[in-house]
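Shown next, in structure tokens, is the structure this report addresses.
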Amino acid sequence: AVLDMEPFRADDPHFADDDLAMVRNGAACVALLRLPGGEAPLEGSRSQKGHLAFRVSNEEFETFRRSLPALLERHRVTPEQKVDVEEQDYDVQRSLFFHDPDGNELEVTTWDSEPSEESEASAFLRSALLLDVRTAGEFRQVALPKSMLVPHVDLLDESAGGIERVLAAVEGDKSAPIAAFCTAGVRSATAKAVLEAHGFTNVQNWVNIEKILYSVGQSR
């Protein structure tokens with residue numbers, strides 16, 4: 001076992017994947033991802049599907065957020081070691097990204113809990129078209145079950161047929177719920193704007209896969 005951790009969520013369809021292992025020891029949970037065959041050693045980029053994330057409480061997150069820059073400076077091993085901290089706010093989830101002395105990217109994250117809003121959000125997701133607007137390469141690395149890939153560039157380029165593919169997926173109903181997502185919410189925000197410009201009236205920007213999985217998990 002890794003750090004005396006035991007498998008969990010092995011029967012959860014959202015985590016049932018030969019390339020993913022969810023383990024825990026008490027309140028500590030870790031997701032372990034297999035390096036894709038033929039891929040070079042990881043350099044820490046999230047696009048490589050290789051960073052390690054730790055979930056903490058809101059209070060622990062704020063304490064760690066204040067102390068992290070000084071901790072990185074104090075434990076710097078080489079002058080070339082990265083000590084910058086990237087902070088991301090995904091509405092229901094906040095994350096800090098930083099690197100260890102070996103150059104691996106680490107994430108410390110916290111999730112806000114608002115049951116009434118999550119219940120409403122989960123109901124939307126159950127009936128929505130899950131519209132993945134990332135690239136085909138990103139989609140091949142990891143994708144949500146039953147999601148549909150239409151890269152945002154295919155929506156921007158009217159000759160690419162992206163709008164027509166989305167319209168066909170919702171059987172011509174422009175009022176059908178659509179949950180657009182990418183990696184950080186920028187491309188999905190663009191997709192939402194483009195679809196609304198073409199008459200779609202029920203499109204939401206769901207930012208990324210993590211936010212969707214969190215909402216689905218809250219309803220279980």
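How things are named: the first chain in the structure tokens is A, the next is B, and so on; residues count from 1 in each chain; ligands count from 1 in the order shown.
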If we count only C-alpha atoms and set the cut-off at 7 Å, which residues sit around region 97-103 of chain A, ignoring sequence neighbours fewer than 5 positions away in its own chain? Please answer as a PDB file with N, CA and C atoms, in the first residue's frame.
ATOM      1  N   GLU A  43       6.927  16.633 -16.596  1.00  0.00           N
ATOM      2  CA  GLU A  43       7.632  17.850 -16.205  1.00  0.00           C
ATOM      3  C   GLU A  43       6.770  18.700 -15.283  1.00  0.00           C
ATOM      4  N   GLY A  44       5.587  18.196 -14.919  1.00  0.00           N
ATOM      5  CA  GLY A  44       4.742  18.917 -13.984  1.00  0.00           C
ATOM      6  C   GLY A  44       3.558  19.628 -14.602  1.00  0.00           C
ATOM      7  N   ARG A  76      14.057  26.007  -0.736  1.00  0.00           N
ATOM      8  CA  ARG A  76      14.629  26.010  -2.087  1.00  0.00           C
ATOM      9  C   ARG A  76      15.956  25.240  -2.062  1.00  0.00           C
ATOM     10  N   VAL A  77      16.110  24.297  -2.986  1.00  0.00           N
ATOM     11  CA  VAL A  77      17.316  23.457  -3.033  1.00  0.00           C
ATOM     12  C   VAL A  77      18.341  24.019  -4.004  1.00  0.00           C
ATOM     13  N   GLN A  81      15.234  26.267  -8.925  1.00  0.00           N
ATOM     14  CA  GLN A  81      13.972  25.690  -8.468  1.00  0.00           C
ATOM     15  C   GLN A  81      12.839  26.711  -8.538  1.00  0.00           C
ATOM     16  N   LYS A  82      11.716  26.294  -9.084  1.00  0.00           N
ATOM     17  CA  LYS A  82      10.567  27.181  -9.178  1.00  0.00           C
ATOM     18  C   LYS A  82       9.952  27.386  -7.797  1.00  0.00           C
ATOM     19  N   VAL A  83       9.686  28.629  -7.446  1.00  0.00           N
ATOM     20  CA  VAL A  83       9.073  28.916  -6.145  1.00  0.00           C
ATOM     21  C   VAL A  83       7.815  29.779  -6.315  1.00  0.00           C
ATOM     22  N   ASP A  84       7.360  29.925  -7.560  1.00  0.00           N
ATOM     23  CA  ASP A  84       6.148  30.713  -7.787  1.00  0.00           C
ATOM     24  C   ASP A  84       4.918  29.876  -7.463  1.00  0.00           C
ATOM     25  N   VAL A  85       3.835  30.548  -7.114  1.00  0.00           N
ATOM     26  CA  VAL A  85       2.568  29.903  -6.766  1.00  0.00           C
ATOM     27  C   VAL A  85       1.481  30.428  -7.700  1.00  0.00           C
ATOM     28  N   GLU A  86       0.768  29.515  -8.326  1.00  0.00           N
ATOM     29  CA  GLU A  86      -0.363  29.884  -9.182  1.00  0.00           C
ATOM     30  C   GLU A  86      -1.662  29.595  -8.424  1.00  0.00           C
ATOM     31  N   GLU A  87      -2.524  30.577  -8.339  1.00  0.00           N
ATOM     32  CA  GLU A  87      -3.809  30.397  -7.641  1.00  0.00           C
ATOM     33  C   GLU A  87      -4.944  30.448  -8.649  1.00  0.00           C
ATOM     34  N   VAL A 108      -2.842  21.969  -4.035  1.00  0.00           N
ATOM     35  CA  VAL A 108      -3.614  21.914  -2.795  1.00  0.00           C
ATOM     36  C   VAL A 108      -4.937  22.587  -3.094  1.00  0.00           C
TER      37      VAL A 108
END
* **All strand (DSSP E) residues (DSSP, backbone) inside region 67-199 of chain A, as a VMD selection string** => chain A and resid 86 to 89 93 to 99 105 to 111 129 to 132 148 to 149 178 to 182
* Asked: Between A:Thr190, A:Ser95, A:Ala179, A:Asp173, which has the minimum distance to Leu52 (chain A) (counting only C-alpha atoms)?
  ->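 That would be A:Ser95, the residue with the smallest distance to Leu52 (chain A).
Here CA of Leu149 (chain A) is placed at a distance of 7.4 Å from CA of Ala136 (chain A).
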* **Shell of 10 Å around Val166 (chain A), only C-alpha atoms, local chain residues under 3 positions omitted, as a PyMOL selection string** => chain A and resi 129+131+148-150+155+161-163+169-174+178+195+200
How would the residues just picked look written out with C-alpha atoms as a PDB file, in the first residue's frame?
ATOM      1  CA  LEU A 129     -25.283  17.699 -23.006  1.00  0.00           C
ATOM      2  CA  LEU A 131     -19.889  19.581 -24.254  1.00  0.00           C
ATOM      3  CA  MET A 148     -19.259  15.134 -26.691  1.00  0.00           C
ATOM      4  CA  LEU A 149     -16.102  16.645 -28.151  1.00  0.00           C
ATOM      5  CA  VAL A 150     -16.463  19.802 -30.224  1.00  0.00           C
ATOM      6  CA  LEU A 155     -17.512  26.570 -32.973  1.00  0.00           C
ATOM      7  CA  GLY A 161     -19.618  22.414 -38.660  1.00  0.00           C
ATOM      8  CA  GLY A 162     -19.310  22.631 -34.886  1.00  0.00           C
ATOM      9  CA  ILE A 163     -22.582  24.491 -34.389  1.00  0.00           C
ATOM     10  CA  ALA A 169     -26.834  16.391 -30.457  1.00  0.00           C
ATOM     11  CA  VAL A 170     -29.735  18.253 -28.802  1.00  0.00           C
ATOM     12  CA  GLU A 171     -32.101  17.183 -31.613  1.00  0.00           C
ATOM     13  CA  GLY A 172     -32.628  20.745 -32.786  1.00  0.00           C
ATOM     14  CA  ASP A 173     -33.779  22.028 -29.384  1.00  0.00           C
ATOM     15  CA  LYS A 174     -31.860  25.245 -28.750  1.00  0.00           C
ATOM     16  CA  ILE A 178     -25.671  22.314 -22.370  1.00  0.00           C
ATOM     17  CA  LEU A 195     -23.648  29.176 -28.930  1.00  0.00           C
ATOM     18  CA  PHE A 200     -28.967  28.547 -27.812  1.00  0.00           C
TER      19      PHE A 200
END
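In terms of minimum interatomic distance to Pro145 (chain A), A:Leu130 ranks closest within A:Leu68, A:Ala184, A:Val23, A:Leu130, counting only C-alpha atoms.
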* Asked: DSSP says alpha helix (DSSP H) for which residues of region 12-207 of chain A? Put them as a PyMOL selection string?
  -> chain A and resi 58-74+115-127+136-141+152-156+162-169+186-197
I need the residues from that last selection saved to file as a PDB file, in the first residue's frame (with C-alpha atoms), if you can.
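Output file result-v7.pdb is given in full below:
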ATOM      1  CA  ASN A  58     -11.296  25.953   3.705  1.00  0.00           C
ATOM      2  CA  GLU A  59      -9.534  27.033   6.897  1.00  0.00           C
ATOM      3  CA  GLU A  60      -6.472  24.877   6.201  1.00  0.00           C
ATOM      4  CA  PHE A  61      -6.360  26.227   2.649  1.00  0.00           C
ATOM      5  CA  GLU A  62      -6.250  29.844   3.834  1.00  0.00           C
ATOM      6  CA  THR A  63      -3.503  29.071   6.345  1.00  0.00           C
ATOM      7  CA  PHE A  64      -1.451  27.203   3.746  1.00  0.00           C
ATOM      8  CA  ARG A  65      -2.041  29.946   1.164  1.00  0.00           C
ATOM      9  CA  ARG A  66      -0.495  32.549   3.470  1.00  0.00           C
ATOM     10  CA  SER A  67       2.507  30.433   4.431  1.00  0.00           C
ATOM     11  CA  LEU A  68       3.308  28.721   1.099  1.00  0.00           C
ATOM     12  CA  PRO A  69       5.532  31.410  -0.534  1.00  0.00           C
ATOM     13  CA  ALA A  70       7.789  31.561   2.517  1.00  0.00           C
ATOM     14  CA  LEU A  71       7.906  27.753   2.773  1.00  0.00           C
ATOM     15  CA  LEU A  72       9.002  27.418  -0.840  1.00  0.00           C
ATOM     16  CA  GLU A  73      11.721  30.012  -0.401  1.00  0.00           C
ATOM     17  CA  ARG A  74      12.921  28.416   2.833  1.00  0.00           C
ATOM     18  CA  PRO A 115     -25.997  22.152  -0.730  1.00  0.00           C
ATOM     19  CA  SER A 116     -28.902  24.051  -2.281  1.00  0.00           C
ATOM     20  CA  GLU A 117     -26.808  25.346  -5.173  1.00  0.00           C
ATOM     21  CA  GLU A 118     -25.104  21.993  -5.680  1.00  0.00           C
ATOM     22  CA  SER A 119     -28.453  20.198  -5.822  1.00  0.00           C
ATOM     23  CA  GLU A 120     -29.654  22.582  -8.512  1.00  0.00           C
ATOM     24  CA  ALA A 121     -26.385  22.217 -10.389  1.00  0.00           C
ATOM     25  CA  SER A 122     -26.502  18.419 -10.230  1.00  0.00           C
ATOM     26  CA  ALA A 123     -30.033  18.428 -11.635  1.00  0.00           C
ATOM     27  CA  PHE A 124     -28.806  20.530 -14.567  1.00  0.00           C
ATOM     28  CA  LEU A 125     -25.921  18.134 -15.248  1.00  0.00           C
ATOM     29  CA  ARG A 126     -28.158  15.064 -15.221  1.00  0.00           C
ATOM     30  CA  SER A 127     -30.106  16.364 -18.221  1.00  0.00           C
ATOM     31  CA  ALA A 136      -8.822  16.175 -29.556  1.00  0.00           C
ATOM     32  CA  GLY A 137      -5.470  15.423 -27.906  1.00  0.00           C
ATOM     33  CA  GLU A 138      -6.701  16.530 -24.490  1.00  0.00           C
ATOM     34  CA  PHE A 139      -9.885  14.516 -24.987  1.00  0.00           C
ATOM     35  CA  ARG A 140      -7.884  11.348 -25.737  1.00  0.00           C
ATOM     36  CA  GLN A 141      -5.924  11.765 -22.487  1.00  0.00           C
ATOM     37  CA  HIS A 152     -13.994  25.545 -29.427  1.00  0.00           C
ATOM     38  CA  VAL A 153     -12.196  26.442 -32.666  1.00  0.00           C
ATOM     39  CA  ASP A 154     -14.828  24.391 -34.544  1.00  0.00           C
ATOM     40  CA  LEU A 155     -17.512  26.570 -32.973  1.00  0.00           C
ATOM     41  CA  LEU A 156     -15.690  29.775 -33.878  1.00  0.00           C
ATOM     42  CA  GLY A 162     -19.310  22.631 -34.886  1.00  0.00           C
ATOM     43  CA  ILE A 163     -22.582  24.491 -34.389  1.00  0.00           C
ATOM     44  CA  GLU A 164     -24.433  21.948 -36.541  1.00  0.00           C
ATOM     45  CA  ARG A 165     -22.989  19.045 -34.523  1.00  0.00           C
ATOM     46  CA  VAL A 166     -24.162  20.562 -31.247  1.00  0.00           C
ATOM     47  CA  LEU A 167     -27.597  21.280 -32.728  1.00  0.00           C
ATOM     48  CA  ALA A 168     -27.881  17.666 -33.899  1.00  0.00           C
ATOM     49  CA  ALA A 169     -26.834  16.391 -30.457  1.00  0.00           C
ATOM     50  CA  VAL A 186     -11.683  30.272 -20.880  1.00  0.00           C
ATOM     51  CA  ARG A 187     -12.487  28.195 -23.960  1.00  0.00           C
ATOM     52  CA  SER A 188     -15.808  27.080 -22.495  1.00  0.00           C
ATOM     53  CA  ALA A 189     -16.717  30.732 -21.865  1.00  0.00           C
ATOM     54  CA  THR A 190     -16.015  31.417 -25.541  1.00  0.00           C
ATOM     55  CA  ALA A 191     -18.094  28.394 -26.554  1.00  0.00           C
ATOM     56  CA  LYS A 192     -20.997  29.586 -24.406  1.00  0.00           C
ATOM     57  CA  ALA A 193     -20.905  33.034 -26.034  1.00  0.00           C
ATOM     58  CA  VAL A 194     -20.765  31.573 -29.557  1.00  0.00           C
ATOM     59  CA  LEU A 195     -23.648  29.176 -28.930  1.00  0.00           C
ATOM     60  CA  GLU A 196     -25.768  31.935 -27.422  1.00  0.00           C
ATOM     61  CA  ALA A 197     -25.039  34.094 -30.474  1.00  0.00           C
TER      62      ALA A 197
END
* Figure out the distance between CA of Leu106 (chain A) and CA of Gln88 (chain A), please, to one decimal in Å. => 13.2 Å
* To do: Rank nothing, just name the residue among A:Ser147, A:Thr110, A:Ser159, A:Thr78 nearest to Val133 (chain A), using only C-alpha atoms.
  =>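 Selected residue with least distance to Val133 (chain A): A:Ser147.
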* Please provide the set of residues having any atom within 8 Å of Thr109 (chain A), restricted to only C-alpha atoms, with same-chain residues fewer than 5 positions apart removed, written as a ChimeraX atom specification. => /A:53-56,61,93-96
* Rounded to one decimal place, report the CA of Leu32 (chain A)-CA of Val207 (chain A) distance in Å. => 22.4 Å
